[in-house]
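**Student:** The structure file structure.cif (mmCIF, C-alpha atoms and all ligand atoms) is provided below.
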data_my_file
#
loop_
_atom_site.label_atom_id
_atom_site.label_comp_id
_atom_site.auth_asym_id
_atom_site.auth_seq_id
_atom_site.Cartn_x
_atom_site.Cartn_y
_atom_site.Cartn_z
CA MET A 1 -49.32 -6.77 -6.40
CA GLY A 2 -48.50 -3.76 -4.32
CA LEU A 3 -50.22 -2.45 -1.26
CA ASN A 4 -53.59 -0.81 -1.89
CA ARG A 5 -53.71 2.69 -0.49
CA SER A 6 -56.42 5.29 -0.16
CA PRO A 7 -56.87 7.74 -3.01
CA GLY A 8 -54.99 10.99 -2.67
CA ALA A 9 -56.56 14.41 -2.28
CA ARG A 10 -58.90 15.65 -4.98
CA ALA A 11 -57.35 16.93 -8.15
CA ARG A 12 -56.44 20.54 -8.55
CA HIS A 13 -57.24 20.41 -12.25
CA ARG A 14 -60.28 19.18 -14.06
CA ARG A 15 -60.17 17.00 -17.09
CA ALA A 16 -61.12 18.49 -20.45
CA GLY A 17 -64.77 17.92 -21.38
CA PRO A 18 -65.91 15.50 -24.05
CA SER A 19 -65.55 16.51 -27.67
CA ASN A 20 -69.27 16.40 -28.36
CA GLY A 21 -70.24 17.97 -25.05
CA THR A 22 -73.18 15.64 -24.51
CA PHE A 23 -74.21 13.19 -21.80
CA ARG A 24 -70.96 13.35 -19.89
CA LEU A 25 -70.95 14.38 -16.28
CA GLY A 26 -68.00 16.15 -14.76
CA GLY A 27 -66.40 14.65 -11.68
CA THR A 28 -68.17 12.08 -9.59
CA LEU A 29 -71.01 13.98 -7.98
CA ALA A 30 -73.86 13.54 -10.40
CA ALA A 31 -74.67 9.87 -10.44
CA VAL A 32 -77.92 9.88 -12.33
CA VAL A 33 -79.02 11.57 -15.53
CA LEU A 34 -81.99 11.19 -17.79
CA ILE A 35 -81.41 10.45 -21.41
CA LEU A 36 -84.56 11.78 -23.03
CA ALA A 37 -86.25 9.88 -25.77
CA ALA A 38 -85.85 12.01 -28.87
CA CYS A 39 -89.22 11.37 -30.42
CA SER A 40 -90.09 14.39 -32.51
CA ASP A 41 -93.78 13.53 -32.93
CA GLY A 42 -94.25 12.52 -29.30
CA SER A 43 -95.73 9.19 -30.32
CA GLY A 44 -92.62 7.09 -30.07
CA GLY A 45 -91.63 7.81 -33.65
CA SER A 46 -89.43 5.08 -35.04
CA ALA A 47 -88.81 3.75 -31.53
CA ALA A 48 -91.23 0.89 -31.95
CA PRO A 49 -90.92 -1.56 -29.06
CA GLY A 50 -90.15 -5.03 -30.27
CA GLY A 51 -87.34 -3.99 -32.54
CA THR A 52 -89.45 -3.58 -35.65
CA SER A 53 -87.52 -0.56 -36.84
CA GLY A 54 -83.94 0.18 -37.72
CA ASP A 55 -81.44 -2.40 -38.83
CA GLY A 56 -82.08 -4.82 -35.99
CA GLY A 57 -85.42 -5.82 -37.38
CA ASP A 58 -85.42 -9.22 -35.71
CA GLY A 59 -87.50 -8.39 -32.67
CA GLY A 60 -90.65 -10.30 -31.87
CA ASP A 61 -93.66 -9.16 -29.90
CA ALA A 62 -92.27 -7.78 -26.64
CA GLY A 63 -95.74 -7.41 -25.10
CA GLY A 64 -95.70 -3.63 -25.16
CA TYR A 65 -92.16 -3.36 -23.79
CA PRO A 66 -90.93 -0.83 -23.02
CA GLU A 67 -93.72 1.09 -21.36
CA ASP A 68 -91.64 2.93 -18.79
CA GLN A 69 -88.16 4.35 -18.33
CA ILE A 70 -85.21 1.95 -18.40
CA THR A 71 -82.24 2.18 -16.03
CA PHE A 72 -78.74 1.54 -17.34
CA ILE A 73 -76.39 0.59 -14.49
CA VAL A 74 -72.73 1.61 -14.92
CA PRO A 75 -70.35 -0.20 -12.54
CA PHE A 76 -67.87 2.69 -12.28
CA SER A 77 -67.87 6.43 -11.58
CA ALA A 78 -69.63 9.08 -13.63
CA GLY A 79 -67.27 10.85 -16.00
CA GLY A 80 -65.14 7.74 -16.60
CA PRO A 81 -64.73 5.68 -19.76
CA THR A 82 -67.48 3.10 -19.17
CA ASP A 83 -69.84 5.90 -18.25
CA THR A 84 -68.91 7.79 -21.43
CA VAL A 85 -69.65 4.84 -23.71
CA THR A 86 -72.92 4.14 -21.87
CA ARG A 87 -74.21 7.68 -22.22
CA LEU A 88 -73.23 7.83 -25.88
CA VAL A 89 -75.24 4.72 -26.83
CA ALA A 90 -78.08 5.39 -24.37
CA GLU A 91 -79.18 8.48 -26.26
CA PRO A 92 -80.00 6.81 -29.60
CA MET A 93 -81.27 3.69 -27.80
CA ALA A 94 -83.73 5.86 -25.87
CA ALA A 95 -84.88 7.42 -29.12
CA GLU A 96 -85.27 4.02 -30.72
CA LEU A 97 -87.15 2.51 -27.78
CA GLY A 98 -89.32 5.58 -27.26
CA VAL A 99 -88.69 5.82 -23.51
CA GLU A 100 -86.29 7.57 -21.20
CA ILE A 101 -83.09 5.85 -20.20
CA VAL A 102 -81.71 6.72 -16.77
CA VAL A 103 -77.99 6.15 -16.32
CA GLN A 104 -77.01 5.23 -12.77
CA ASN A 105 -73.48 4.73 -11.45
CA VAL A 106 -73.21 1.88 -8.92
CA GLU A 107 -69.54 1.81 -8.00
CA GLY A 108 -67.57 -0.66 -5.92
CA ALA A 109 -65.35 -3.75 -5.88
CA GLY A 110 -64.09 -3.35 -9.45
CA GLY A 111 -67.57 -3.46 -10.98
CA THR A 112 -68.83 -6.50 -9.08
CA VAL A 113 -71.26 -4.55 -6.86
CA ALA A 114 -73.21 -3.36 -9.90
CA ALA A 115 -73.16 -6.76 -11.57
CA GLU A 116 -74.49 -8.45 -8.43
CA GLN A 117 -77.25 -5.86 -8.18
CA VAL A 118 -78.39 -6.36 -11.76
CA ALA A 119 -78.20 -10.17 -11.50
CA ASN A 120 -80.74 -9.89 -8.67
CA GLU A 121 -83.11 -7.43 -10.38
CA GLU A 122 -86.47 -8.41 -11.86
CA PRO A 123 -85.92 -9.93 -15.33
CA ASP A 124 -88.27 -7.42 -16.94
CA GLY A 125 -85.92 -5.43 -19.16
CA TYR A 126 -86.09 -2.27 -17.07
CA THR A 127 -82.65 -2.66 -15.49
CA VAL A 128 -79.74 -3.09 -17.88
CA LEU A 129 -76.07 -3.49 -16.99
CA MET A 130 -73.30 -1.99 -19.09
CA HIS A 131 -70.15 -3.85 -18.14
CA HIS A 132 -66.74 -4.35 -19.67
CA ILE A 133 -63.87 -6.84 -19.69
CA GLY A 134 -64.22 -7.04 -15.91
CA MET A 135 -67.20 -9.34 -16.44
CA SER A 136 -64.70 -11.94 -17.65
CA THR A 137 -61.90 -11.40 -15.12
CA ALA A 138 -64.04 -11.24 -11.95
CA PRO A 139 -64.74 -15.01 -11.76
CA THR A 140 -60.99 -15.66 -11.46
CA LEU A 141 -60.19 -12.65 -9.29
CA TYR A 142 -63.06 -13.14 -6.82
CA PRO A 143 -63.19 -16.62 -5.25
CA ASP A 144 -66.59 -15.82 -3.68
CA LEU A 145 -68.16 -13.91 -6.56
CA PRO A 146 -71.87 -13.64 -5.64
CA TYR A 147 -73.14 -14.07 -9.24
CA ASP A 148 -72.36 -16.15 -12.29
CA PRO A 149 -71.42 -13.96 -15.29
CA ILE A 150 -72.75 -16.58 -17.71
CA GLU A 151 -75.74 -18.11 -15.90
CA GLY A 152 -76.79 -14.91 -14.15
CA PHE A 153 -77.43 -12.76 -17.24
CA GLU A 154 -78.77 -12.62 -20.76
CA PRO A 155 -76.25 -10.79 -22.93
CA ILE A 156 -77.75 -8.15 -25.25
CA GLY A 157 -74.75 -7.51 -27.50
CA LEU A 158 -71.21 -6.17 -27.59
CA VAL A 159 -70.81 -2.41 -27.89
CA THR A 160 -67.17 -1.35 -28.36
CA GLU A 161 -63.58 -2.50 -28.03
CA VAL A 162 -61.34 0.19 -26.63
CA PRO A 163 -57.52 0.33 -26.65
CA MET A 164 -55.73 1.23 -23.42
CA THR A 165 -52.94 3.75 -22.92
CA PHE A 166 -50.22 4.10 -20.32
CA ILE A 167 -50.15 7.71 -19.16
CA GLY A 168 -48.23 9.69 -16.54
CA SER A 169 -49.06 12.76 -14.48
CA PRO A 170 -47.87 16.14 -15.82
CA ASN A 171 -44.88 16.37 -13.47
CA PHE A 172 -43.99 12.69 -13.37
CA GLU A 173 -40.36 12.42 -14.43
CA PRO A 174 -40.32 9.72 -17.13
CA ASN A 175 -41.07 10.86 -20.68
CA THR A 176 -41.02 7.53 -22.50
CA PHE A 177 -42.17 4.02 -21.70
CA GLU A 178 -38.56 2.88 -21.41
CA GLU A 179 -37.85 5.67 -18.93
CA LEU A 180 -41.04 4.77 -17.08
CA VAL A 181 -39.91 1.19 -16.50
CA THR A 182 -36.47 2.32 -15.30
CA TYR A 183 -37.97 5.01 -13.09
CA VAL A 184 -40.50 2.65 -11.49
CA GLU A 185 -37.72 0.15 -10.85
CA GLU A 186 -35.50 2.76 -9.20
CA ASN A 187 -38.35 4.32 -7.17
CA ILE A 188 -40.43 1.24 -6.47
CA ASP A 189 -41.27 2.33 -2.91
CA THR A 190 -42.71 5.70 -3.83
CA VAL A 191 -44.22 5.41 -7.32
CA THR A 192 -48.02 5.04 -7.38
CA TYR A 193 -50.30 3.48 -10.00
CA ALA A 194 -54.02 4.34 -10.11
CA ASN A 195 -56.65 1.70 -10.82
CA ALA A 196 -60.41 1.30 -10.50
CA GLY A 197 -60.31 -1.65 -8.12
CA ILE A 198 -59.74 -5.38 -8.50
CA GLY A 199 -61.68 -6.40 -11.58
CA ALA A 200 -61.23 -3.09 -13.39
CA ALA A 201 -59.50 -2.90 -16.76
CA SER A 202 -56.90 -0.56 -15.29
CA GLN A 203 -56.11 -3.21 -12.66
CA LEU A 204 -55.75 -5.90 -15.34
CA CYS A 205 -53.45 -3.65 -17.34
CA GLY A 206 -51.36 -2.97 -14.22
CA LEU A 207 -51.14 -6.70 -13.63
CA LEU A 208 -49.88 -7.21 -17.21
CA PHE A 209 -47.36 -4.40 -16.68
CA GLU A 210 -46.09 -6.19 -13.59
CA THR A 211 -45.85 -9.50 -15.42
CA ALA A 212 -44.00 -7.91 -18.35
CA THR A 213 -41.54 -5.94 -16.22
CA GLY A 214 -41.24 -8.10 -13.11
CA LEU A 215 -42.02 -5.04 -10.97
CA ASP A 216 -44.45 -5.04 -8.04
CA ILE A 217 -46.18 -1.68 -8.22
CA THR A 218 -48.08 0.16 -5.50
CA GLU A 219 -51.70 0.50 -6.62
CA VAL A 220 -54.11 3.22 -5.52
CA PRO A 221 -57.73 2.08 -5.95
CA TYR A 222 -60.54 4.42 -7.05
CA GLU A 223 -64.21 3.84 -7.81
CA GLY A 224 -63.49 4.49 -11.46
CA THR A 225 -60.79 5.96 -13.65
CA GLY A 226 -62.73 9.23 -14.03
CA PRO A 227 -61.69 10.32 -10.51
CA ALA A 228 -58.35 8.54 -10.90
CA LEU A 229 -57.59 10.69 -13.94
CA ASP A 230 -58.55 13.81 -12.00
CA ASP A 231 -55.95 12.91 -9.38
CA LEU A 232 -53.36 12.05 -12.02
CA LEU A 233 -53.90 15.46 -13.63
CA GLY A 234 -53.31 16.97 -10.20
CA ASP A 235 -50.09 14.97 -9.68
CA GLN A 236 -51.68 13.10 -6.76
CA VAL A 237 -50.86 9.77 -8.37
CA ASP A 238 -48.05 8.99 -10.82
CA PHE A 239 -49.24 6.78 -13.64
CA MET A 240 -52.03 4.56 -14.88
CA CYS A 241 -53.26 2.53 -17.82
CA ASP A 242 -56.68 3.54 -19.00
CA GLN A 243 -59.06 3.38 -21.93
CA THR A 244 -58.57 5.84 -24.77
CA THR A 245 -62.14 6.99 -24.20
CA ASN A 246 -60.81 8.59 -21.01
CA THR A 247 -57.30 9.58 -22.04
CA THR A 248 -57.24 10.72 -25.67
CA GLU A 249 -58.19 14.35 -25.16
CA ASN A 250 -55.66 14.83 -22.37
CA ILE A 251 -52.94 13.11 -24.40
CA LEU A 252 -53.62 15.26 -27.46
CA SER A 253 -53.70 18.46 -25.40
CA GLY A 254 -50.45 17.52 -23.64
CA ALA A 255 -52.13 17.56 -20.22
CA VAL A 256 -50.74 14.09 -19.45
CA LYS A 257 -47.66 12.18 -20.59
CA ALA A 258 -48.45 9.35 -22.99
CA TYR A 259 -46.14 6.34 -22.87
CA ALA A 260 -47.71 3.57 -24.95
CA VAL A 261 -50.87 2.12 -26.40
CA THR A 262 -51.76 -1.53 -25.72
CA THR A 263 -52.76 -2.46 -29.29
CA PRO A 264 -50.46 -4.36 -31.70
CA GLU A 265 -50.50 -1.32 -34.07
CA ARG A 266 -50.60 2.40 -33.33
CA ILE A 267 -54.09 3.88 -33.40
CA GLU A 268 -55.39 6.61 -35.68
CA ALA A 269 -56.52 8.95 -32.89
CA LEU A 270 -53.04 8.86 -31.27
CA PRO A 271 -50.55 8.44 -34.12
CA ASP A 272 -47.57 9.63 -32.06
CA VAL A 273 -48.05 7.18 -29.20
CA PRO A 274 -45.94 4.01 -29.62
CA THR A 275 -47.19 0.51 -28.95
CA THR A 276 -45.76 -1.32 -25.92
CA GLU A 277 -43.98 -3.56 -28.42
CA GLU A 278 -42.29 -0.54 -30.04
CA ALA A 279 -41.53 0.82 -26.59
CA GLY A 280 -39.48 -2.29 -25.94
CA VAL A 281 -41.44 -4.01 -23.19
CA GLY A 282 -43.20 -6.53 -25.41
CA ASP A 283 -46.85 -7.04 -26.00
CA ILE A 284 -49.13 -5.85 -23.18
CA GLY A 285 -52.15 -6.73 -25.23
CA VAL A 286 -55.43 -5.72 -23.68
CA THR A 287 -58.44 -4.04 -25.21
CA VAL A 288 -61.49 -3.24 -23.15
CA TRP A 289 -64.73 -4.57 -24.59
CA HIS A 290 -68.13 -3.41 -23.39
CA GLY A 291 -71.46 -5.17 -23.52
CA LEU A 292 -75.04 -4.84 -22.26
CA TYR A 293 -76.76 -7.42 -20.03
CA VAL A 294 -80.14 -8.05 -18.44
CA PRO A 295 -80.84 -10.53 -15.63
CA ALA A 296 -81.19 -14.21 -16.54
CA GLY A 297 -84.77 -15.13 -17.28
CA THR A 298 -85.59 -11.94 -19.17
CA PRO A 299 -88.01 -12.88 -21.99
CA ALA A 300 -86.36 -13.34 -25.40
CA GLU A 301 -88.62 -10.71 -26.97
CA ILE A 302 -87.29 -8.08 -24.55
CA VAL A 303 -83.70 -9.10 -25.23
CA GLU A 304 -84.45 -8.77 -28.94
CA ALA A 305 -86.02 -5.33 -28.49
CA LEU A 306 -82.98 -4.08 -26.57
CA ASN A 307 -80.65 -5.67 -29.10
CA ALA A 308 -82.46 -4.03 -32.04
CA ALA A 309 -82.12 -0.64 -30.34
CA LEU A 310 -78.43 -1.29 -29.62
CA LYS A 311 -77.79 -2.14 -33.27
CA VAL A 312 -79.42 1.10 -34.35
CA ALA A 313 -77.40 3.07 -31.77
CA LEU A 314 -74.14 1.58 -33.03
CA GLN A 315 -74.89 2.97 -36.50
CA ASP A 316 -75.70 6.43 -35.18
CA GLN A 317 -73.35 8.99 -36.72
CA ASN A 318 -72.84 10.88 -33.47
CA VAL A 319 -71.88 7.66 -31.71
CA ILE A 320 -69.47 6.71 -34.51
CA ASP A 321 -67.87 10.17 -34.66
CA SER A 322 -67.61 10.57 -30.89
CA LEU A 323 -66.03 7.15 -30.44
CA ALA A 324 -63.59 7.84 -33.32
CA ASP A 325 -62.50 11.04 -31.57
CA LEU A 326 -61.87 8.92 -28.48
CA GLY A 327 -59.79 6.29 -30.26
CA THR A 328 -62.37 3.58 -30.85
CA ALA A 329 -65.44 2.49 -32.82
CA PRO A 330 -68.68 0.57 -32.37
CA VAL A 331 -68.36 -3.17 -32.94
CA SER A 332 -69.64 -4.49 -36.26
CA GLN A 333 -73.33 -5.39 -36.44
CA ASP A 334 -72.64 -9.13 -36.47
CA ARG A 335 -70.84 -8.80 -33.13
CA ALA A 336 -73.61 -6.74 -31.55
CA THR A 337 -75.73 -9.84 -31.00
CA PRO A 338 -76.54 -11.88 -27.88
CA GLU A 339 -74.88 -14.94 -29.44
CA ALA A 340 -71.60 -13.18 -30.34
CA HIS A 341 -71.58 -11.49 -26.95
CA ALA A 342 -72.12 -14.79 -25.08
CA GLN A 343 -69.32 -16.43 -27.06
CA HIS A 344 -66.95 -13.51 -26.47
CA LEU A 345 -67.65 -13.51 -22.74
CA SER A 346 -66.91 -17.19 -22.41
CA ASP A 347 -63.76 -16.92 -24.61
CA GLN A 348 -62.51 -14.04 -22.47
CA ILE A 349 -63.11 -15.88 -19.19
CA GLU A 350 -61.01 -18.71 -20.62
CA LEU A 351 -58.32 -16.35 -21.91
CA TRP A 352 -57.79 -14.37 -18.72
CA ALA A 353 -58.16 -17.12 -16.09
CA PRO A 354 -54.67 -18.68 -16.49
CA ILE A 355 -53.00 -15.27 -16.81
CA ILE A 356 -54.60 -14.01 -13.62
CA GLU A 357 -53.98 -17.28 -11.80
CA ALA A 358 -50.30 -17.18 -12.76
CA SER A 359 -50.04 -13.64 -11.39
CA GLY A 360 -51.33 -14.77 -7.99
CA VAL A 361 -53.61 -11.72 -7.72
CA THR A 362 -56.90 -12.33 -5.97
CA ALA A 363 -59.54 -10.27 -4.21
CA GLY A 364 -60.03 -13.01 -1.64
C1 LIG B 401 -61.49 0.48 -15.59
O1 LIG B 401 -60.34 0.69 -15.21
O2 LIG B 401 -62.02 -0.61 -15.57
C2 LIG B 401 -62.34 1.61 -16.10
O3 LIG B 401 -61.59 2.62 -16.55
C3 LIG B 401 -63.41 1.91 -15.13
C4 LIG B 401 -64.22 3.14 -15.43
O4 LIG B 401 -65.03 3.17 -16.35
O5 LIG B 401 -64.06 4.09 -14.66
#
Rewrite the structure of this file - the entire thing - as structure tokens.
**Tutor:**
Amino acid sequence: MGLNRSPGARARHRRAGPSNGTFRLGGTLAAVVLILAACSDGSGGSAAPGGTSGDGGDGGDAGGYPEDQITFIVPFSAGGPTDTVTRLVAEPMAAELGVEIVVQNVEGAGGTVAAEQVANEEPDGYTVLMHHIGMSTAPTLYPDLPYDPIEGFEPIGLVTEVPMTFIGSPNFEPNTFEELVTYVEENIDTVTYANAGIGAASQLCGLLFETATGLDITEVPYEGTGPALDDLLGDQVDFMCDQTTNTTENILSGAVKAYAVTTPERIEALPDVPTTEEAGVGDIGVTVWHGLYVPAGTPAEIVEALNAALKVALQDQNVIDSLADLGTAPVSQDRATPEAHAQHLSDQIELWAPIIEASGVTAG
């Protein structure tokens, strides 16, 4: 793995805004926003605590929960892909629960700072972590990880699975994935790859790129791929691999160069972007899954209330349409459960551990 360097100067160009124009903060300045509960009658409407409404329907008595605003912790920068997914689902969840949801970005160490914070919060359902695939790679990447991803949390449910895309800055020379590999090989000392720190999906994708090509790239770490994309748009950094929720609009508008998508098949939102297999480098198969967590010891009734609200949110038409525009979809209802989430997390820890170990990459 190449030398980590400081991020370049701020971008000269801003990224295009989200297609639905809601709940997405530009840049990295605004770290907190209130998602207002959309209760038209002011009484909580259908947002009955305890999950008695909507399709979830399996909630017990949550003892009046929630009575106050809930904080969703995002482990990466505002304006990035994890932040986007969080804000999209937080809106209908707030409506369903009948309280405000505050979204707070707690960046650092590839998402592990936020996870540690939430693991140590009161298990009362008022602090919820939205994390992604990094929850499963951190135990292998961080020898001294200060929390246990399985024992330290109660999973609420999976949210989405998002393809990744290799993209290049507007003036970066290569135009195809094949050209990219050749160019990186020939300019190995100067080419830069942006990631969101060790434990980020972009770092995992870079690691898979290195394994597939045998190249040792120079990585530039950011607090999230929101700011990384800003710098890529400004030609401050050369290429990256990021979730379609962050790249699709810029690919479609031609603001960035698109090299490949990491799924086995092309995706509907980006029909002209080849798979890595088609591009000739073989399968760089990684999709970024997201899930919600509360600290271990949170009462089952609260987990059920949050899960019921999540299930409703994943059937919300605005969520479905917005995610489709960004190249993804909510997970099916049977996967948006604590049980399916727990199983997926443990499967993913098992899947990625030998791959990461073989790469020799470690944060230690
Ligand atoms: C990642 O690389 O893990 C993500 O893109 C982080 C983010 O949401 O910014």
**Student:** Nearest to Leu208 (chain A): which of A:Pro155, A:Gly282, A:Gly327, A:Pro163 is it, counting all atoms listed in the file?
**Tutor:**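 With all atoms listed in the file as the atom set, the closest residue is A:Gly282.
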**Student:** Do you have the CA of Met164 (chain A)-CA of Thr245 (chain A) distance handy?
**Tutor:**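 CA of Thr245 (chain A) lies at a distance of 8.7 Å from CA of Met164 (chain A).
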**Student:** Rounded to one decimal place, report the CA of Thr247 (chain A)-CA of Met135 (chain A) distance in Å.
**Tutor:** 22.1 Å
**Student:** Give me the residues within 7 Å of Tyr293 (chain A) as a list in words, counting all atoms listed in the file and dropping any in the same chain fewer than 3 places off.
**Tutor:**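 Listed by chain and then number, they are Val128, Leu129, Met130, Phe153, Glu154, Pro155 and Ile156 of chain A.
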**Student:** Could I get the residue neighbourhood of ligand LIG 401 (chain B) at 9 Å, counting all atoms listed in the file, as a ChimeraX atom specification?
**Tutor:** /A:74-85,107,110-111,131-134,194-205,222-228,241-243,245-246,288
